[in-house]
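Chemist: Input structure: my_file.cif, which contains mmCIF, C-alpha atoms.
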```
data_start
#
loop_
_atom_site.group_PDB
_atom_site.id
_atom_site.type_symbol
_atom_site.label_atom_id
_atom_site.label_comp_id
_atom_site.auth_asym_id
_atom_site.auth_seq_id
_atom_site.Cartn_x
_atom_site.Cartn_y
_atom_site.Cartn_z
ATOM 1 C CA MET L 1 0.000 0.000 0.000
ATOM 2 C CA GLN L 2 1.292 3.445 -0.918
ATOM 3 C CA LYS L 3 0.147 6.796 0.504
ATOM 4 C CA GLY L 4 1.098 10.263 -0.661
ATOM 5 C CA ASN L 5 -0.145 13.767 -1.367
ATOM 6 C CA VAL L 6 -0.038 15.310 -4.859
ATOM 7 C CA PHE L 7 0.667 18.741 -3.349
ATOM 8 C CA ASP L 8 3.771 17.623 -1.396
ATOM 9 C CA ALA L 9 7.422 18.002 -2.418
ATOM 10 C CA ILE L 10 6.961 20.607 -5.130
ATOM 11 C CA PRO L 11 10.258 22.456 -5.671
ATOM 12 C CA ALA L 12 10.218 26.215 -5.045
ATOM 13 C CA SER L 13 11.850 26.772 -8.428
ATOM 14 C CA LEU L 14 10.723 24.932 -11.562
ATOM 15 C CA PRO L 15 13.085 25.742 -14.440
ATOM 16 C CA LYS L 16 11.502 22.825 -16.314
ATOM 17 C CA GLU L 17 8.303 20.832 -16.043
ATOM 18 C CA ILE L 18 8.496 17.796 -13.765
ATOM 19 C CA SER L 19 6.656 14.480 -14.024
ATOM 20 C CA GLN L 20 6.416 12.019 -11.166
ATOM 21 C CA GLY L 21 5.013 8.533 -11.453
ATOM 22 C CA LEU L 22 2.471 7.871 -8.709
ATOM 23 C CA LEU L 23 1.234 4.440 -9.766
ATOM 24 C CA ALA L 24 2.112 1.920 -12.439
ATOM 25 C CA ALA L 25 0.095 -1.251 -12.840
ATOM 26 C CA GLU L 26 -0.853 -3.481 -15.721
ATOM 27 C CA GLY L 27 -2.365 -1.265 -18.395
ATOM 28 C CA VAL L 28 -2.369 1.974 -16.374
ATOM 29 C CA CYS L 29 0.072 4.676 -15.264
ATOM 30 C CA ILE L 30 -0.779 7.695 -13.105
ATOM 31 C CA GLU L 31 1.513 10.720 -13.029
ATOM 32 C CA ARG L 32 1.678 14.086 -11.319
ATOM 33 C CA ILE L 33 2.930 16.780 -13.679
ATOM 34 C CA VAL L 34 3.962 20.193 -12.366
ATOM 35 C CA SER L 35 4.430 23.121 -14.743
ATOM 36 C CA ALA L 36 5.355 26.758 -14.115
ATOM 37 C CA GLY L 37 4.968 28.714 -17.316
ATOM 38 C CA GLN L 38 6.314 25.920 -19.522
ATOM 39 C CA ALA L 39 4.854 24.991 -22.900
ATOM 40 C CA SER L 40 5.562 22.424 -25.602
ATOM 41 C CA PRO L 41 8.394 23.418 -27.943
ATOM 42 C CA GLU L 42 7.233 25.126 -31.131
ATOM 43 C CA GLY L 43 6.178 22.483 -33.676
ATOM 44 C CA PHE L 44 6.206 19.630 -31.119
ATOM 45 C CA TRP L 45 3.099 17.448 -30.789
ATOM 46 C CA TYR L 46 2.407 14.666 -28.292
ATOM 47 C CA ASP L 47 1.292 11.538 -30.179
ATOM 48 C CA GLN L 48 0.950 8.832 -27.545
ATOM 49 C CA GLU L 49 0.362 5.115 -27.866
ATOM 50 C CA GLU L 50 -2.005 5.118 -24.874
ATOM 51 C CA HIS L 51 -5.154 7.037 -23.947
ATOM 52 C CA GLU L 52 -4.738 9.939 -21.518
ATOM 53 C CA TRP L 53 -7.222 11.368 -19.040
ATOM 54 C CA VAL L 54 -5.928 14.537 -17.409
ATOM 55 C CA LEU L 55 -7.311 16.576 -14.487
ATOM 56 C CA LEU L 56 -6.090 20.075 -13.660
ATOM 57 C CA LEU L 57 -5.716 20.346 -9.871
ATOM 58 C CA LYS L 58 -4.126 23.797 -9.625
ATOM 59 C CA GLY L 59 -3.248 26.657 -11.976
ATOM 60 C CA SER L 60 -4.375 26.931 -15.576
ATOM 61 C CA ALA L 61 -3.246 25.868 -19.030
ATOM 62 C CA GLY L 62 -3.990 26.070 -22.727
ATOM 63 C CA LEU L 63 -3.973 22.953 -24.907
ATOM 64 C CA GLU L 64 -3.954 22.852 -28.674
ATOM 65 C CA ILE L 65 -5.569 19.757 -30.121
ATOM 66 C CA GLN L 66 -4.819 18.982 -33.735
ATOM 67 C CA GLY L 67 -7.864 19.577 -35.906
ATOM 68 C CA GLU L 68 -9.499 22.067 -33.535
ATOM 69 C CA GLU L 69 -9.606 25.757 -34.407
ATOM 70 C CA SER L 70 -9.065 27.228 -30.962
ATOM 71 C CA VAL L 71 -6.950 26.505 -27.907
ATOM 72 C CA ARG L 72 -8.766 24.752 -25.068
ATOM 73 C CA GLU L 73 -8.289 26.624 -21.812
ATOM 74 C CA LEU L 74 -8.268 24.489 -18.685
ATOM 75 C CA ALA L 75 -8.925 25.796 -15.163
ATOM 76 C CA VAL L 76 -8.930 24.126 -11.752
ATOM 77 C CA GLY L 77 -11.198 21.086 -11.797
ATOM 78 C CA ASP L 78 -11.308 20.728 -15.584
ATOM 79 C CA TYR L 79 -10.535 17.328 -17.062
ATOM 80 C CA LEU L 80 -10.019 16.111 -20.583
ATOM 81 C CA PHE L 81 -9.885 12.720 -22.299
ATOM 82 C CA LEU L 82 -7.350 12.394 -25.110
ATOM 83 C CA PRO L 83 -7.669 9.148 -27.095
ATOM 84 C CA ALA L 84 -4.492 7.380 -28.173
ATOM 85 C CA HIS L 85 -2.775 9.189 -31.074
ATOM 86 C CA GLN L 86 -4.810 12.370 -30.569
ATOM 87 C CA ARG L 87 -2.054 14.861 -31.340
ATOM 88 C CA HIS L 88 -1.930 17.686 -28.830
ATOM 89 C CA ARG L 89 0.467 20.219 -27.361
ATOM 90 C CA VAL L 90 0.647 22.512 -24.350
ATOM 91 C CA VAL L 91 0.480 26.104 -25.595
ATOM 92 C CA TRP L 92 0.900 27.729 -22.174
ATOM 93 C CA THR L 93 0.736 27.091 -18.430
ATOM 94 C CA ASP L 94 0.205 29.644 -15.686
ATOM 95 C CA ALA L 95 3.375 31.688 -15.127
ATOM 96 C CA CYS L 96 2.187 33.128 -11.781
ATOM 97 C CA GLU L 97 1.633 29.856 -9.932
ATOM 98 C CA GLU L 98 2.443 26.230 -10.577
ATOM 99 C CA THR L 99 0.024 24.191 -12.631
ATOM 100 C CA ILE L 100 -0.531 20.728 -11.204
ATOM 101 C CA TRP L 101 -1.922 18.021 -13.460
ATOM 102 C CA LEU L 102 -3.010 14.483 -12.607
ATOM 103 C CA ALA L 103 -2.582 12.378 -15.740
ATOM 104 C CA VAL L 104 -3.867 8.836 -16.140
ATOM 105 C CA PHE L 105 -2.452 6.867 -19.092
ATOM 106 C CA PHE L 106 -4.111 3.582 -20.059
ATOM 107 C CA SER L 107 -4.464 1.169 -22.947
#
```
Could you express the structure from this file as structure tokens?

Modeler:
Amino acid sequence: MQKGNVFDAIPASLPKEISQGLLAAEGVCIERIVSAGQASPEGFWYDQEEHEWVLLLKGSAGLEIQGEESVRELAVGDYLFLPAHQRHRVVWTDACEETIWLAVFFS
């Protein structure tokens, strides 16, 4: 049995986004991702083999999803399901406070 808190052990300075695995089991992986103003590099798209369900716990972010005309803005409590191979990129994350994501990857 493992216990933790997604708001613990966040560095005071985040020069780059950090990802921390919280759980890995057959067919599923849960990660905490912490951003502080970071975005995907220009021209970079995530194109993942697995499905992703993401929940924004703190902060805010903008996601570009290939094929959509506008950027999706996410606020605290918003979640999004991204099917496998749905190309997407992070356009921006909140620069004034950390953005904390809970991401669930599954097949």

Chemist: Once the PyMOL selection byres ((chain L and resi 73) around 9) has been applied to the shown file, what residues remain in the selection, as a list in words?

Modeler: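 With the PyMOL selection byres ((chain L and resi 73) around 9) on this model, the match is Ser60, Ala61, Gly62, Leu63, Glu64, Val71, Arg72, Leu74 and Ala75 of chain L.
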
Chemist: May I have the selected residues written with C-alpha atoms, as a PDB file, in the frame of the given file?

Modeler:
```pdb
ATOM      1  CA  SER L  60      -4.375  26.931 -15.576  1.00  0.00           C
ATOM      2  CA  ALA L  61      -3.246  25.868 -19.030  1.00  0.00           C
ATOM      3  CA  GLY L  62      -3.990  26.070 -22.727  1.00  0.00           C
ATOM      4  CA  LEU L  63      -3.973  22.953 -24.907  1.00  0.00           C
ATOM      5  CA  GLU L  64      -3.954  22.852 -28.674  1.00  0.00           C
ATOM      6  CA  VAL L  71      -6.950  26.505 -27.907  1.00  0.00           C
ATOM      7  CA  ARG L  72      -8.766  24.752 -25.068  1.00  0.00           C
ATOM      8  CA  LEU L  74      -8.268  24.489 -18.685  1.00  0.00           C
ATOM      9  CA  ALA L  75      -8.925  25.796 -15.163  1.00  0.00           C
TER      10      ALA L  75
END
```

Chemist: Name the residues that the PyMOL selection byres ((chain L and resi 15) around 10) pulls out of this structure, and write them as a PyMOL selection string.

Modeler: chain L and resi 11-14+16-18+35-38

Chemist: For a quick check of understanding, using only C-alpha atoms, which of L:Asp8, L:Glu52, L:Asp47, L:Glu68 has the smallest distance to Arg87 of chain L?

Modeler: L:Asp47

Chemist: Would you write out, as a PyMOL selection string, every residue that the PyMOL selection byres ((chain L and resi 66) around 9) captures in this file?

Modeler: chain L and resi 45+64-65+67-69+86-89

Chemist: Calculated over only C-alpha atoms, which of the candidates L:Ile30, L:His51, L:Pro41, L:Gly21 has the smallest distance to His85 of chain L?

Modeler: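 Looking only at the distances to His85 of chain L, the closest residue turns out to be L:His51.
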
Chemist: Which one of L:Val76, L:Leu22, L:Val34, L:Val28 sits closest to Lys3 of chain L if you count only C-alpha atoms?

Modeler: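 For Lys3 of chain L, the nearest of the candidates is L:Leu22.
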
Chemist: Closest to Ser70 of chain L among L:Ala39, L:Leu23, L:Ala84, L:Val91, using only C-alpha atoms?

Modeler: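 Of the candidates, the smallest distance to Ser70 of chain L is held by L:Val91.
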
Chemist: Which is closest to Ser19 of chain L among L:Val6, L:Ile33, L:Leu56, L:Val90, if we use only C-alpha atoms?

Modeler: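 Of L:Val6, L:Ile33, L:Leu56, L:Val90, the one nearest Ser19 of chain L, counting only C-alpha atoms, is L:Ile33.
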
Chemist: Find, counting all atoms listed in the file, the residue in L:Gly27, L:Ser40, L:Phe7, L:Glu49 that gets nearest to Leu102 of chain L.

Modeler: L:Phe7

Chemist: Could you work out how far atom CA of Lys58 of chain L lies from atom CA of Glu97 of chain L, giving the answer in Å with one decimal?

Modeler: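 Answer for the atom CA of Glu97 of chain L to atom CA of Lys58 of chain L separation: 8.4 Å.
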
Chemist: If you measure from atom CA of Asp78 of chain L to atom CA of Ala25 of chain L, what distance in Å do you get, rounded to one decimal?

Modeler: 24.9 Å

Chemist: What does the structure give for the distance between atom CA of Met1 of chain L and atom CA of Gln48 of chain L, in Å to one decimal?

Modeler: 28.9 Å

Chemist: Which protein, DNA or RNA residues are at most 9 Å from (-6.3, 9.4, -21.8) in the file's coordinates when you count all atoms listed in the file, listed as a list in words?

Modeler: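 In the file's frame, the residues around the point are Glu50, His51, Glu52, Trp53, Val54, Leu80, Phe81, Leu82, Pro83, Ala84, Ala103, Val104, Phe105, Phe106 and Ser107 of chain L.
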
Chemist: Taking all atoms of segment 34-39 of chain L that the file lists and extending 8 Å past them on each side, where is the centre of the axis-aligned box and how long are its edges? Answer in Å to one decimal, as AutoDock Vina command-line options.

Modeler:
```
--center_x 5.1 --center_y 24.5 --center_z -17.6 --size_x 18.4 --size_y 24.5 --size_z 26.5
```
